[in-house]
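> File name my_file.txt; file contents compact mmCIF, C-alpha atoms; full text below.
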```txt
# COMPACT_ATOMS: atom_id res chain seq x y z
CA MET M 1 0.00 0.00 0.00
CA ASP M 2 2.59 2.54 -0.98
CA ALA M 3 1.29 6.07 -1.03
CA LYS M 4 1.86 6.64 -4.75
CA THR M 5 -0.33 4.03 -6.39
CA PHE M 6 -3.94 5.04 -6.34
CA ASP M 7 -6.19 2.69 -8.22
CA SER M 8 -9.00 0.54 -6.96
CA LYS M 9 -7.83 -2.84 -8.27
CA SER M 10 -4.33 -2.61 -6.80
CA LEU M 11 -5.70 -1.35 -3.49
CA LEU M 12 -8.12 -4.27 -3.33
CA ASP M 13 -5.35 -6.76 -4.15
CA SER M 14 -3.11 -5.25 -1.53
CA LEU M 15 -5.88 -5.44 1.08
CA PHE M 16 -6.26 -9.17 0.28
CA GLU M 17 -2.48 -9.75 0.32
CA ASN M 18 -2.16 -8.04 3.69
CA GLY M 19 -5.00 -10.08 5.17
CA ILE M 20 -7.08 -6.97 5.87
CA LEU M 21 -9.99 -8.04 3.66
CA PHE M 22 -10.89 -11.58 2.54
CA GLU M 23 -12.41 -12.56 -0.82
CA SER M 24 -15.89 -14.05 -0.93
CA GLY M 25 -16.21 -14.63 -4.68
CA ILE M 26 -18.58 -11.67 -5.03
CA ASP M 27 -17.32 -8.17 -5.76
CA GLY M 28 -18.27 -5.88 -2.92
CA LEU M 29 -18.75 -8.62 -0.29
CA TYR M 30 -15.65 -9.17 1.82
CA GLY M 31 -14.55 -10.69 5.07
CA ARG M 32 -12.90 -8.22 7.46
CA SER M 33 -9.84 -8.91 9.59
CA GLY M 34 -9.76 -8.34 13.34
CA ALA M 35 -7.46 -5.37 12.76
CA PHE M 36 -9.93 -3.83 10.29
CA GLU M 37 -12.81 -4.35 12.72
CA GLU M 38 -10.84 -2.83 15.57
CA VAL M 39 -10.25 0.31 13.51
CA ILE M 40 -13.98 0.52 12.81
CA GLU M 41 -14.82 0.03 16.50
CA ARG M 42 -12.34 2.74 17.49
CA PHE M 43 -13.69 5.13 14.88
CA GLU M 44 -17.28 4.49 16.00
CA ARG M 45 -16.28 5.33 19.56
CA LEU M 46 -14.73 8.55 18.32
CA VAL M 47 -17.95 9.45 16.49
CA THR M 48 -20.06 8.64 19.54
CA ARG M 49 -17.78 10.70 21.78
CA LEU M 50 -17.94 13.70 19.44
CA GLY M 51 -21.72 13.51 19.39
CA ALA M 52 -22.11 12.77 23.12
CA PRO M 53 -22.80 16.38 24.23
CA ASP M 54 -25.93 16.37 22.02
CA LYS M 55 -27.41 13.39 23.92
CA ALA M 56 -28.74 11.47 20.93
CA THR M 57 -30.93 8.38 21.37
CA ARG M 58 -29.01 5.39 20.04
CA ILE M 59 -30.78 2.78 17.89
CA HIS M 60 -29.10 -0.11 16.09
CA PHE M 61 -31.14 -1.51 13.22
CA PRO M 62 -30.59 -4.87 11.49
CA PRO M 63 -29.57 -4.90 7.79
CA GLY M 64 -33.14 -5.81 6.80
CA MET M 65 -36.14 -3.51 7.04
CA SER M 66 -39.83 -3.55 6.19
CA ARG M 67 -40.27 -3.66 2.43
CA ALA M 68 -43.47 -1.62 2.75
CA THR M 69 -41.50 1.09 4.56
CA LEU M 70 -38.91 1.17 1.80
CA GLU M 71 -41.66 1.48 -0.83
CA LYS M 72 -43.45 4.26 1.01
CA SER M 73 -40.21 6.16 1.58
CA GLY M 74 -39.96 6.67 -2.19
CA TYR M 75 -36.71 4.75 -2.53
CA MET M 76 -37.90 2.94 -5.68
CA LYS M 77 -38.59 6.30 -7.35
CA SER M 78 -35.03 7.45 -6.89
CA PHE M 79 -32.76 4.39 -6.63
CA PRO M 80 -34.47 1.30 -8.11
CA GLN M 81 -31.06 0.15 -9.38
CA LEU M 82 -29.58 -0.06 -5.88
CA ALA M 83 -32.44 -1.68 -3.97
CA GLY M 84 -32.42 -5.27 -2.78
CA CYS M 85 -35.43 -7.28 -1.68
CA VAL M 86 -35.21 -10.59 0.18
CA HIS M 87 -36.88 -13.54 -1.57
CA SER M 88 -37.54 -16.97 -0.08
CA PHE M 89 -38.88 -20.33 -1.16
CA MET M 90 -42.50 -20.64 -0.05
CA GLY M 91 -43.62 -23.66 -2.02
CA GLY M 92 -44.47 -27.22 -0.98
CA GLU M 93 -42.74 -30.55 -1.54
CA ARG M 94 -43.68 -30.68 -5.20
CA GLU M 95 -42.11 -27.27 -5.85
CA HIS M 96 -39.11 -28.26 -3.77
CA ALA M 97 -38.45 -31.22 -6.04
CA GLN M 98 -38.84 -28.91 -9.04
CA LEU M 99 -36.38 -26.46 -7.48
CA LEU M 100 -33.75 -29.14 -6.87
CA GLY M 101 -34.20 -30.32 -10.45
CA MET M 102 -33.63 -26.80 -11.74
CA ILE M 103 -30.47 -26.43 -9.66
CA ALA M 104 -29.18 -29.79 -10.87
CA ASP M 105 -29.81 -28.72 -14.48
CA GLY M 106 -28.03 -25.41 -13.90
CA GLY M 107 -31.27 -23.56 -14.59
CA ASP M 108 -32.65 -20.43 -12.98
CA TRP M 109 -34.34 -21.77 -9.85
CA THR M 110 -34.93 -18.34 -8.30
CA GLU M 111 -38.29 -18.01 -10.04
CA LEU M 112 -39.56 -20.45 -7.40
CA GLN M 113 -38.84 -17.86 -4.73
CA LYS M 114 -41.24 -15.14 -3.73
CA ALA M 115 -40.63 -11.68 -2.31
CA THR M 116 -40.75 -11.60 1.50
CA ASP M 117 -41.79 -8.58 3.57
CA VAL M 118 -38.09 -7.81 4.09
CA ALA M 119 -35.97 -5.46 2.02
CA LEU M 120 -32.30 -4.80 2.63
CA THR M 121 -31.70 -1.51 4.41
CA PRO M 122 -30.14 0.97 1.95
CA ALA M 123 -29.25 3.64 4.54
CA ALA M 124 -29.33 3.51 8.31
CA CYS M 125 -32.07 6.13 8.70
CA TYR M 126 -34.83 4.63 6.48
CA PRO M 127 -36.33 2.43 9.24
CA LEU M 128 -36.27 5.34 11.70
CA TYR M 129 -38.94 7.69 10.35
CA PRO M 130 -42.06 5.49 10.63
CA THR M 131 -40.84 4.27 14.04
CA ILE M 132 -40.73 7.87 15.28
CA ALA M 133 -43.93 8.97 13.55
CA ALA M 134 -45.80 6.19 15.39
CA ARG M 135 -44.81 7.76 18.72
CA GLY M 136 -46.88 10.92 18.20
CA PRO M 137 -45.99 14.61 17.87
CA VAL M 138 -42.33 15.65 17.82
CA PRO M 139 -41.38 17.93 20.76
CA ALA M 140 -40.60 21.59 20.01
CA GLN M 141 -36.86 21.14 20.61
CA GLY M 142 -36.79 18.33 17.99
CA LEU M 143 -35.36 14.83 18.26
CA LEU M 144 -31.86 13.49 17.75
CA PHE M 145 -30.86 9.91 17.00
CA GLU M 146 -27.60 8.05 16.60
CA LEU M 147 -28.08 5.07 14.30
CA SER M 148 -26.07 2.19 13.04
CA SER M 149 -26.84 -0.44 10.43
CA TYR M 150 -25.31 -2.67 7.84
CA CYS M 151 -26.59 -1.32 4.51
CA PHE M 152 -26.98 -2.87 1.06
CA ARG M 153 -26.65 -1.26 -2.34
CA HIS M 154 -26.53 -3.32 -5.49
CA GLU M 155 -23.46 -1.91 -7.20
CA PRO M 156 -20.88 -4.67 -7.65
CA SER M 157 -17.43 -3.17 -8.14
CA LYS M 158 -13.73 -3.92 -7.82
CA ASP M 159 -13.44 -0.66 -5.91
CA PRO M 160 -13.04 -1.71 -2.26
CA ALA M 161 -14.61 1.62 -1.30
CA ARG M 162 -17.81 0.63 -3.10
CA MET M 163 -18.99 -2.41 -1.18
CA GLN M 164 -22.43 -3.95 -1.61
CA LEU M 165 -22.78 -4.54 2.13
CA PHE M 166 -21.23 -1.97 4.40
CA ARG M 167 -21.87 -0.23 7.71
CA MET M 168 -23.19 3.24 8.15
CA ARG M 169 -23.34 5.23 11.33
CA GLU M 170 -25.65 8.23 11.30
CA PHE M 171 -26.88 11.10 13.37
CA VAL M 172 -30.39 12.16 12.39
CA LYS M 173 -32.03 15.36 13.54
CA ILE M 174 -35.79 15.79 13.21
CA GLY M 175 -37.05 19.28 13.93
CA THR M 176 -37.66 22.71 12.41
CA ALA M 177 -35.84 23.77 9.23
CA GLU M 178 -33.64 25.99 11.38
CA GLN M 179 -32.84 23.26 13.92
CA VAL M 180 -31.89 20.68 11.31
CA ARG M 181 -29.83 23.16 9.28
CA SER M 182 -27.81 24.21 12.33
CA PHE M 183 -27.35 20.51 13.20
CA ARG M 184 -25.93 19.93 9.72
CA GLU M 185 -23.68 23.00 9.94
CA SER M 186 -22.24 21.84 13.25
CA TRP M 187 -21.44 18.39 11.83
CA LEU M 188 -19.86 19.85 8.70
CA LYS M 189 -17.36 21.50 11.05
CA ARG M 190 -17.03 18.61 13.51
CA GLY M 191 -16.73 15.98 10.78
CA LYS M 192 -13.95 17.82 8.97
CA ALA M 193 -12.05 18.44 12.21
CA MET M 194 -12.40 14.77 13.15
CA ILE M 195 -11.02 13.50 9.82
CA GLU M 196 -8.18 16.03 9.96
CA SER M 197 -7.31 14.81 13.46
CA LEU M 198 -6.73 11.39 11.84
CA ASP M 199 -4.20 13.00 9.52
CA LEU M 200 -6.25 12.23 6.40
CA PRO M 201 -6.41 14.66 3.46
CA CYS M 202 -9.98 15.75 2.87
CA GLU M 203 -12.26 18.33 1.35
CA VAL M 204 -15.94 19.10 1.71
CA ASP M 205 -17.90 19.58 -1.50
CA LEU M 206 -21.45 20.02 -2.77
CA ALA M 207 -22.78 16.66 -3.98
CA ASN M 208 -25.77 14.78 -5.36
CA ASP M 209 -27.15 11.29 -4.96
CA PRO M 210 -26.94 8.78 -7.86
CA PHE M 211 -30.62 9.15 -8.83
CA PHE M 212 -31.79 6.76 -11.54
CA GLY M 213 -32.18 7.68 -15.20
CA ARG M 214 -32.68 11.01 -16.99
CA GLY M 215 -35.29 12.06 -14.49
CA GLY M 216 -32.61 11.36 -11.92
CA LYS M 217 -30.35 13.84 -13.65
CA MET M 218 -32.99 16.45 -12.93
CA MET M 219 -33.35 15.33 -9.31
CA ALA M 220 -29.57 15.57 -8.97
CA ASN M 221 -29.55 19.09 -10.45
CA ASN M 222 -32.35 20.11 -8.08
CA GLN M 223 -30.43 18.69 -5.13
CA ARG M 224 -27.32 20.63 -6.08
CA ASP M 225 -29.18 23.87 -6.84
CA GLN M 226 -30.68 23.77 -3.39
CA GLY M 227 -27.45 22.77 -1.61
CA LEU M 228 -29.12 19.76 0.00
CA LYS M 229 -26.14 17.40 0.04
CA PHE M 230 -22.50 17.83 0.98
CA GLU M 231 -19.83 15.17 1.14
CA LEU M 232 -16.50 14.92 2.89
CA LEU M 233 -14.15 13.40 0.34
CA ILE M 234 -10.91 11.52 1.00
CA PRO M 235 -8.68 10.13 -1.77
CA VAL M 236 -8.86 6.35 -1.31
CA THR M 237 -8.69 4.68 -4.73
CA SER M 238 -8.17 7.82 -6.79
CA ILE M 239 -6.80 11.31 -6.28
CA GLU M 240 -8.93 12.81 -9.06
CA LYS M 241 -12.12 11.18 -7.79
CA PRO M 242 -11.86 11.08 -4.02
CA THR M 243 -14.25 8.87 -2.06
CA ALA M 244 -17.21 10.26 -0.10
CA CYS M 245 -16.62 9.06 3.46
CA LEU M 246 -19.06 11.32 5.29
CA SER M 247 -22.24 12.84 3.90
CA PHE M 248 -24.38 15.66 5.19
CA ASN M 249 -27.93 15.64 3.92
CA TYR M 250 -30.84 18.03 4.36
CA HIS M 251 -34.10 16.27 3.42
CA GLN M 252 -36.28 19.39 3.81
CA ASP M 253 -39.72 18.10 4.87
CA HIS M 254 -39.62 15.05 2.53
CA PHE M 255 -39.67 12.44 5.33
CA GLY M 256 -41.86 14.68 7.52
CA ARG M 257 -44.59 14.70 4.86
CA THR M 258 -44.08 11.08 3.80
CA TRP M 259 -44.45 9.75 7.35
CA GLY M 260 -46.61 12.44 8.93
CA LEU M 261 -43.85 13.56 11.30
CA LYS M 262 -45.37 16.67 12.88
CA PHE M 263 -45.04 19.02 15.80
CA ALA M 264 -47.94 19.37 18.22
CA ASP M 265 -49.22 22.36 16.18
CA GLY M 266 -49.53 20.19 13.05
CA GLU M 267 -46.52 21.70 11.26
CA PHE M 268 -44.46 19.11 9.31
CA CYS M 269 -40.95 18.37 10.60
CA HIS M 270 -37.80 18.78 8.57
CA SER M 271 -34.92 16.33 8.87
CA ALA M 272 -31.21 16.12 8.20
CA CYS M 273 -28.62 13.42 8.68
CA VAL M 274 -24.88 13.05 8.80
CA GLY M 275 -23.68 9.63 7.68
CA PHE M 276 -20.29 8.02 8.32
CA GLY M 277 -19.27 5.31 5.87
CA LEU M 278 -17.37 3.15 8.33
CA GLU M 279 -15.59 0.82 5.89
CA ARG M 280 -14.63 3.80 3.74
CA VAL M 281 -13.05 5.63 6.66
CA ALA M 282 -11.20 2.46 7.72
CA LEU M 283 -10.00 1.95 4.12
CA ALA M 284 -8.82 5.57 4.00
CA LEU M 285 -6.85 5.02 7.21
CA PHE M 286 -5.19 1.83 5.93
CA ARG M 287 -4.59 3.48 2.58
CA HIS M 288 -2.83 6.52 3.98
CA HIS M 289 -1.18 5.15 7.13
CA GLY M 290 -0.22 1.64 5.99
CA PRO M 291 -1.43 -1.96 6.40
CA ASP M 292 -0.18 -2.33 9.99
CA ALA M 293 -2.35 -0.28 12.33
CA ASP M 294 0.21 -0.73 15.13
CA ALA M 295 2.67 1.24 13.01
CA TRP M 296 0.37 4.17 12.26
CA PRO M 297 1.59 7.65 13.27
CA ALA M 298 1.45 8.14 17.04
CA ALA M 299 -0.83 11.16 16.72
CA VAL M 300 -3.40 9.12 14.75
CA ARG M 301 -3.19 6.20 17.19
CA ASP M 302 -3.62 8.61 20.10
CA VAL M 303 -6.85 9.93 18.65
CA LEU M 304 -8.32 6.49 17.93
CA TRP M 305 -6.95 4.46 20.82
CA SER M 306 -7.55 7.02 23.56
CA VAL M 307 -11.35 6.77 23.22
CA MET S 1 -48.96 26.49 -26.06
CA ILE S 2 -49.25 27.39 -22.38
CA ASP S 3 -52.88 26.26 -22.38
CA GLN S 4 -51.96 22.95 -23.97
CA ILE S 5 -49.27 22.45 -21.29
CA ARG S 6 -51.65 23.50 -18.53
CA SER S 7 -54.32 21.02 -19.55
CA LEU S 8 -51.77 18.22 -20.07
CA LEU S 9 -50.36 18.70 -16.58
CA GLU S 10 -53.76 19.17 -15.00
CA GLN S 11 -54.76 15.69 -16.17
CA HIS S 12 -51.59 14.02 -14.86
CA PRO S 13 -52.44 11.78 -11.92
CA MET S 14 -48.98 12.03 -10.36
CA ILE S 15 -48.75 15.83 -10.33
CA PRO S 16 -51.24 16.96 -7.69
CA LEU S 17 -51.23 20.71 -8.46
CA ASN S 18 -54.22 22.83 -9.40
CA PHE S 19 -52.74 24.19 -12.64
CA GLY S 20 -56.03 25.84 -13.61
CA ALA S 21 -55.65 28.23 -10.68
CA LEU S 22 -51.97 29.03 -11.31
CA ALA S 23 -50.81 32.12 -13.24
CA ASP S 24 -48.39 31.56 -16.13
CA ASP S 25 -45.49 32.89 -14.08
CA ALA S 26 -46.50 31.42 -10.69
CA ASN S 27 -43.69 29.45 -9.07
CA LEU S 28 -44.69 25.78 -9.23
CA TYR S 29 -42.29 24.73 -6.47
CA ASP S 30 -43.88 27.30 -4.14
CA ALA S 31 -47.24 25.80 -5.13
CA GLY S 32 -46.06 22.42 -3.85
CA LEU S 33 -44.34 20.79 -6.85
CA THR S 34 -41.96 18.09 -5.55
CA SER S 35 -38.75 17.00 -7.27
CA PHE S 36 -40.37 13.70 -8.13
CA ALA S 37 -43.47 15.35 -9.60
CA SER S 38 -41.22 17.61 -11.68
CA VAL S 39 -39.63 14.48 -13.18
CA GLN S 40 -43.10 13.12 -14.05
CA MET S 41 -43.85 16.48 -15.61
CA MET S 42 -40.67 16.37 -17.71
CA LEU S 43 -41.52 12.86 -18.98
CA ALA S 44 -45.13 13.83 -19.80
CA LEU S 45 -43.98 16.90 -21.75
CA GLU S 46 -41.46 14.85 -23.73
CA GLU S 47 -44.14 12.40 -24.74
CA GLU S 48 -46.77 15.02 -25.58
CA PHE S 49 -44.49 17.19 -27.71
CA ASP S 50 -42.18 14.43 -28.99
CA ILE S 51 -39.10 16.19 -27.67
CA GLU S 52 -36.16 15.30 -25.47
CA PHE S 53 -34.88 17.80 -22.93
CA PRO S 54 -31.07 17.97 -23.12
CA GLU S 55 -29.24 17.57 -19.81
CA THR S 56 -28.46 21.28 -19.67
CA MET S 57 -32.19 21.98 -19.49
CA LEU S 58 -32.93 19.43 -16.77
CA THR S 59 -32.82 22.07 -14.07
CA ARG S 60 -35.15 23.39 -11.43
CA ARG S 61 -35.45 26.67 -13.33
CA THR S 62 -36.74 25.10 -16.56
CA PHE S 63 -39.75 23.64 -14.75
CA SER S 64 -40.35 26.41 -12.22
CA SER S 65 -43.35 28.01 -13.98
CA LEU S 66 -45.73 27.31 -16.84
CA ALA S 67 -44.15 30.21 -18.75
CA ASN S 68 -40.65 28.77 -18.34
CA ILE S 69 -41.87 25.34 -19.41
CA ALA S 70 -43.54 26.83 -22.51
CA ASP S 71 -40.28 28.64 -23.37
CA ALA S 72 -38.30 25.44 -23.09
CA VAL S 73 -40.82 23.37 -25.05
CA SER S 74 -41.05 25.93 -27.87
CA GLN S 75 -37.26 26.09 -28.12
CA LEU S 76 -37.13 22.31 -28.52
CA THR S 77 -40.08 22.01 -30.91
CA ARG S 78 -38.59 24.80 -33.06
CA LYS S 79 -35.34 22.88 -33.21
CA ALA S 80 -37.16 19.72 -34.22
CA ALA S 81 -39.17 21.49 -36.95
```
Written as structure tokens, how would this file's structure read?

Amino acid sequence: MDAKTFDSKSLLDSLFENGILFESGIDGLYGRSGAFEEVIERFERLVTRLGAPDKATRIHFPPGMSRATLEKSGYMKSFPQLAGCVHSFMGGEREHAQLLGMIADGGDWTELQKATDVALTPAACYPLYPTIAARGPVPAQGLLFELSSYCFRHEPSKDPARMQLFRMREFVKIGTAEQVRSFRESWLKRGKAMIESLDLPCEVDLANDPFFGRGGKMMANNQRDQGLKFELLIPVTSIEKPTACLSFNYHQDHFGRTWGLKFADGEFCHSACVGFGLERVALALFRHHGPDADAWPAAVRDVLWSV
Amino acid sequence: MIDQIRSLLEQHPMIPLNFGALADDANLYDAGLTSFASVQMMLALEEEFDIEFPETMLTRRTFSSLANIADAVSQLTRKAA
């Protein structure tokens, strides 16, 4: 992992060679070493400590969520290409025999599966909104959550920074437009300071989500025009196209209206989130400080191992 | 042309705006047009007028009022003619 070569394939190979990631046969699904996991644990503690003064409510969601919730959230309008839905065999013995026959013949047996009520969680905050809406009106000071989830996005790639299953930690603020904007501002500052304390090169830039199709191009332009999304970028597999490791998103009242999240006076809530791509941050650390975490610069180790 | 656009959009089930009550230069986003509805609008206009909006025109501004939409559509239909 010398500091000069910056391409995704050689980084991935070097992560395998150094026993940091393990191949699974599927691009974007990897085993993680103990050292890699320890870096993630340490970084999560750092995030939690930085957010501690705000007294967020912590919720850990599983990597699967209600499919109906995903549909209602509008995810299929914007990112049908990334979504994953869990299917299972629900037939009887006759269909089972048919299924085994299809597998033996090398045919496509998956047609004998049916969609379950479970979809894979695409971002840690999707399961949150209906959960909160069900609890009644949002208090005037707003609500703050710290979330964690494994997330799935169907985008197979040799780029180790573009995994199909990865972890996301998020802070989500639900409140007035002013409350959620100031929450986002504070994390733009805190997030940048945190990454700089880990001696990683970074920049914050206006961004857009990878919305689907030509209509998506328009959604992306709208998002940029309104300054709704910022990303903190760190060069991981490319210097020209640095990797988004943190993202800062203002949803306006999209989730408020979708889920009926309201204040006691009936006004719809706004929401914003800051997301930390945990594998991406860990990869950036290994990329810039070397494959042996014990040999990382003392200042970086101090920050991570003192929490 | 504005009237043709107004009646096309008024009939669209996925764009819940009362176009009949909106002035030509009224801001559609202020009237409640969502990003998603604006995409539906773009697709409906392309089909109705047999045009394709180039990427440079796929902006918030292009679809912000009936007058702006009519401008954009007439530019594209002129080009096609």
> Leaving out M:Gly175 and any residue of its chain fewer than 3 positions from it, which residues lie within 12 Å of it when counting only C-alpha atoms, given as a ChimeraX atom specification?
/M:137-145,172,178-184,250-253,255-256,261-264,267-273
> Ranking S:Met42, S:Phe49, S:Ala26, S:Glu10 by minimum distance to S:Ala67 and counting all atoms listed in the file, which one comes first?
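Nearest candidate to S:Ala67 out of S:Met42, S:Phe49, S:Ala26, S:Glu10: S:Ala26.
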> For stretch 104-120 of chain M, work out the shell of residues within 12 Å, counting all atoms listed in the file and skipping chain neighbours fewer than 2 positions away, then give it as a PDB file with C-alpha atoms, in the frame of the given file.

```pdb
ATOM      1  CA  PHE M  61     -31.140  -1.510  13.220  1.00  0.00           C
ATOM      2  CA  PRO M  62     -30.590  -4.870  11.490  1.00  0.00           C
ATOM      3  CA  PRO M  63     -29.570  -4.900   7.790  1.00  0.00           C
ATOM      4  CA  GLY M  64     -33.140  -5.810   6.800  1.00  0.00           C
ATOM      5  CA  MET M  65     -36.140  -3.510   7.040  1.00  0.00           C
ATOM      6  CA  SER M  66     -39.830  -3.550   6.190  1.00  0.00           C
ATOM      7  CA  ARG M  67     -40.270  -3.660   2.430  1.00  0.00           C
ATOM      8  CA  ALA M  68     -43.470  -1.620   2.750  1.00  0.00           C
ATOM      9  CA  THR M  69     -41.500   1.090   4.560  1.00  0.00           C
ATOM     10  CA  LEU M  70     -38.910   1.170   1.800  1.00  0.00           C
ATOM     11  CA  GLU M  71     -41.660   1.480  -0.830  1.00  0.00           C
ATOM     12  CA  TYR M  75     -36.710   4.750  -2.530  1.00  0.00           C
ATOM     13  CA  MET M  76     -37.900   2.940  -5.680  1.00  0.00           C
ATOM     14  CA  LEU M  82     -29.580  -0.060  -5.880  1.00  0.00           C
ATOM     15  CA  ALA M  83     -32.440  -1.680  -3.970  1.00  0.00           C
ATOM     16  CA  GLY M  84     -32.420  -5.270  -2.780  1.00  0.00           C
ATOM     17  CA  CYS M  85     -35.430  -7.280  -1.680  1.00  0.00           C
ATOM     18  CA  VAL M  86     -35.210 -10.590   0.180  1.00  0.00           C
ATOM     19  CA  HIS M  87     -36.880 -13.540  -1.570  1.00  0.00           C
ATOM     20  CA  SER M  88     -37.540 -16.970  -0.080  1.00  0.00           C
ATOM     21  CA  PHE M  89     -38.880 -20.330  -1.160  1.00  0.00           C
ATOM     22  CA  MET M  90     -42.500 -20.640  -0.050  1.00  0.00           C
ATOM     23  CA  GLY M  91     -43.620 -23.660  -2.020  1.00  0.00           C
ATOM     24  CA  GLY M  92     -44.470 -27.220  -0.980  1.00  0.00           C
ATOM     25  CA  ARG M  94     -43.680 -30.680  -5.200  1.00  0.00           C
ATOM     26  CA  GLU M  95     -42.110 -27.270  -5.850  1.00  0.00           C
ATOM     27  CA  HIS M  96     -39.110 -28.260  -3.770  1.00  0.00           C
ATOM     28  CA  ALA M  97     -38.450 -31.220  -6.040  1.00  0.00           C
ATOM     29  CA  GLN M  98     -38.840 -28.910  -9.040  1.00  0.00           C
ATOM     30  CA  LEU M  99     -36.380 -26.460  -7.480  1.00  0.00           C
ATOM     31  CA  LEU M 100     -33.750 -29.140  -6.870  1.00  0.00           C
ATOM     32  CA  GLY M 101     -34.200 -30.320 -10.450  1.00  0.00           C
ATOM     33  CA  MET M 102     -33.630 -26.800 -11.740  1.00  0.00           C
ATOM     34  CA  PRO M 122     -30.140   0.970   1.950  1.00  0.00           C
ATOM     35  CA  ALA M 123     -29.250   3.640   4.540  1.00  0.00           C
ATOM     36  CA  ALA M 124     -29.330   3.510   8.310  1.00  0.00           C
ATOM     37  CA  TYR M 126     -34.830   4.630   6.480  1.00  0.00           C
ATOM     38  CA  PRO M 127     -36.330   2.430   9.240  1.00  0.00           C
ATOM     39  CA  SER M 149     -26.840  -0.440  10.430  1.00  0.00           C
ATOM     40  CA  TYR M 150     -25.310  -2.670   7.840  1.00  0.00           C
ATOM     41  CA  CYS M 151     -26.590  -1.320   4.510  1.00  0.00           C
ATOM     42  CA  PHE M 152     -26.980  -2.870   1.060  1.00  0.00           C
ATOM     43  CA  ARG M 153     -26.650  -1.260  -2.340  1.00  0.00           C
ATOM     44  CA  HIS M 154     -26.530  -3.320  -5.490  1.00  0.00           C
ATOM     45  CA  GLN M 164     -22.430  -3.950  -1.610  1.00  0.00           C
ATOM     46  CA  LEU M 165     -22.780  -4.540   2.130  1.00  0.00           C
ATOM     47  CA  PHE M 166     -21.230  -1.970   4.400  1.00  0.00           C
TER      48      PHE M 166
END
```
> Can you tell me how far atom CA of M:Ser186 sits from atom CA of M:Glu44, in Å to one decimal?
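These two atoms are separated by 18.3 Å.
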> State, in Å with one decimal place, the distance from atom CA of S:Arg6 to atom CA of S:Leu66.
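Answer for the atom CA of S:Arg6 to atom CA of S:Leu66 separation: 7.2 Å.
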> Take every atom of stretch 62-77 of chain S listed in the file, pad by 5 Å on each side, and give me the axis-aligned box centre and edge lengths in Å, one decimal, as AutoDock Vina command-line options.

```
--center_x -41.2 --center_y 26.1 --center_z -21.6 --size_x 19.0 --size_y 18.2 --size_z 28.7
```
> Any idea which chain S residues end up within 9 Å of chain M if we count only C-alpha atoms, as a PyMOL selection string please?
chain S and resi 34-36+38-40+42-43+55+57-61
> Keeping only C-alpha atoms, take the residues you just selected and write them out as a PDB file, in the coordinates of the input.

```
ATOM      1  CA  THR S  34     -41.960  18.090  -5.550  1.00  0.00           C
ATOM      2  CA  SER S  35     -38.750  17.000  -7.270  1.00  0.00           C
ATOM      3  CA  PHE S  36     -40.370  13.700  -8.130  1.00  0.00           C
ATOM      4  CA  SER S  38     -41.220  17.610 -11.680  1.00  0.00           C
ATOM      5  CA  VAL S  39     -39.630  14.480 -13.180  1.00  0.00           C
ATOM      6  CA  GLN S  40     -43.100  13.120 -14.050  1.00  0.00           C
ATOM      7  CA  MET S  42     -40.670  16.370 -17.710  1.00  0.00           C
ATOM      8  CA  LEU S  43     -41.520  12.860 -18.980  1.00  0.00           C
ATOM      9  CA  GLU S  55     -29.240  17.570 -19.810  1.00  0.00           C
ATOM     10  CA  MET S  57     -32.190  21.980 -19.490  1.00  0.00           C
ATOM     11  CA  LEU S  58     -32.930  19.430 -16.770  1.00  0.00           C
ATOM     12  CA  THR S  59     -32.820  22.070 -14.070  1.00  0.00           C
ATOM     13  CA  ARG S  60     -35.150  23.390 -11.430  1.00  0.00           C
ATOM     14  CA  ARG S  61     -35.450  26.670 -13.330  1.00  0.00           C
TER      15      ARG S  61
END
```
> Taking (-9.5, -4.6, -1.3) in the file's coordinates as the center, which residues reach within 12 Å of it, counting all atoms listed in the file, put as number ranges by chain?
M: 1, 7-24, 27-33, 36, 157-163, 236-237, 279-280, 282-284, 286-287, 291
> Have a look at atom CA of M:Ala207 and atom CA of M:Pro242 and let me know their distance in Å, one decimal.
12.3 Å
> Taking (-29.3, 5.4, -5.7) in the coordinates of the supplied file, I want to know which residues reach to within 7 Å of it, counting only C-alpha atoms; could you give the answer as a compact mmCIF listing (two decimals) with C-alpha atoms, in the coordinates of the input?

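Output saved as selection20.txt:
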```
# COMPACT_ATOMS: atom_id res chain seq x y z
CA SER M 78 -35.03 7.45 -6.89
CA PHE M 79 -32.76 4.39 -6.63
CA GLN M 81 -31.06 0.15 -9.38
CA LEU M 82 -29.58 -0.06 -5.88
CA ASP M 209 -27.15 11.29 -4.96
CA PRO M 210 -26.94 8.78 -7.86
CA PHE M 211 -30.62 9.15 -8.83
CA PHE M 212 -31.79 6.76 -11.54
```
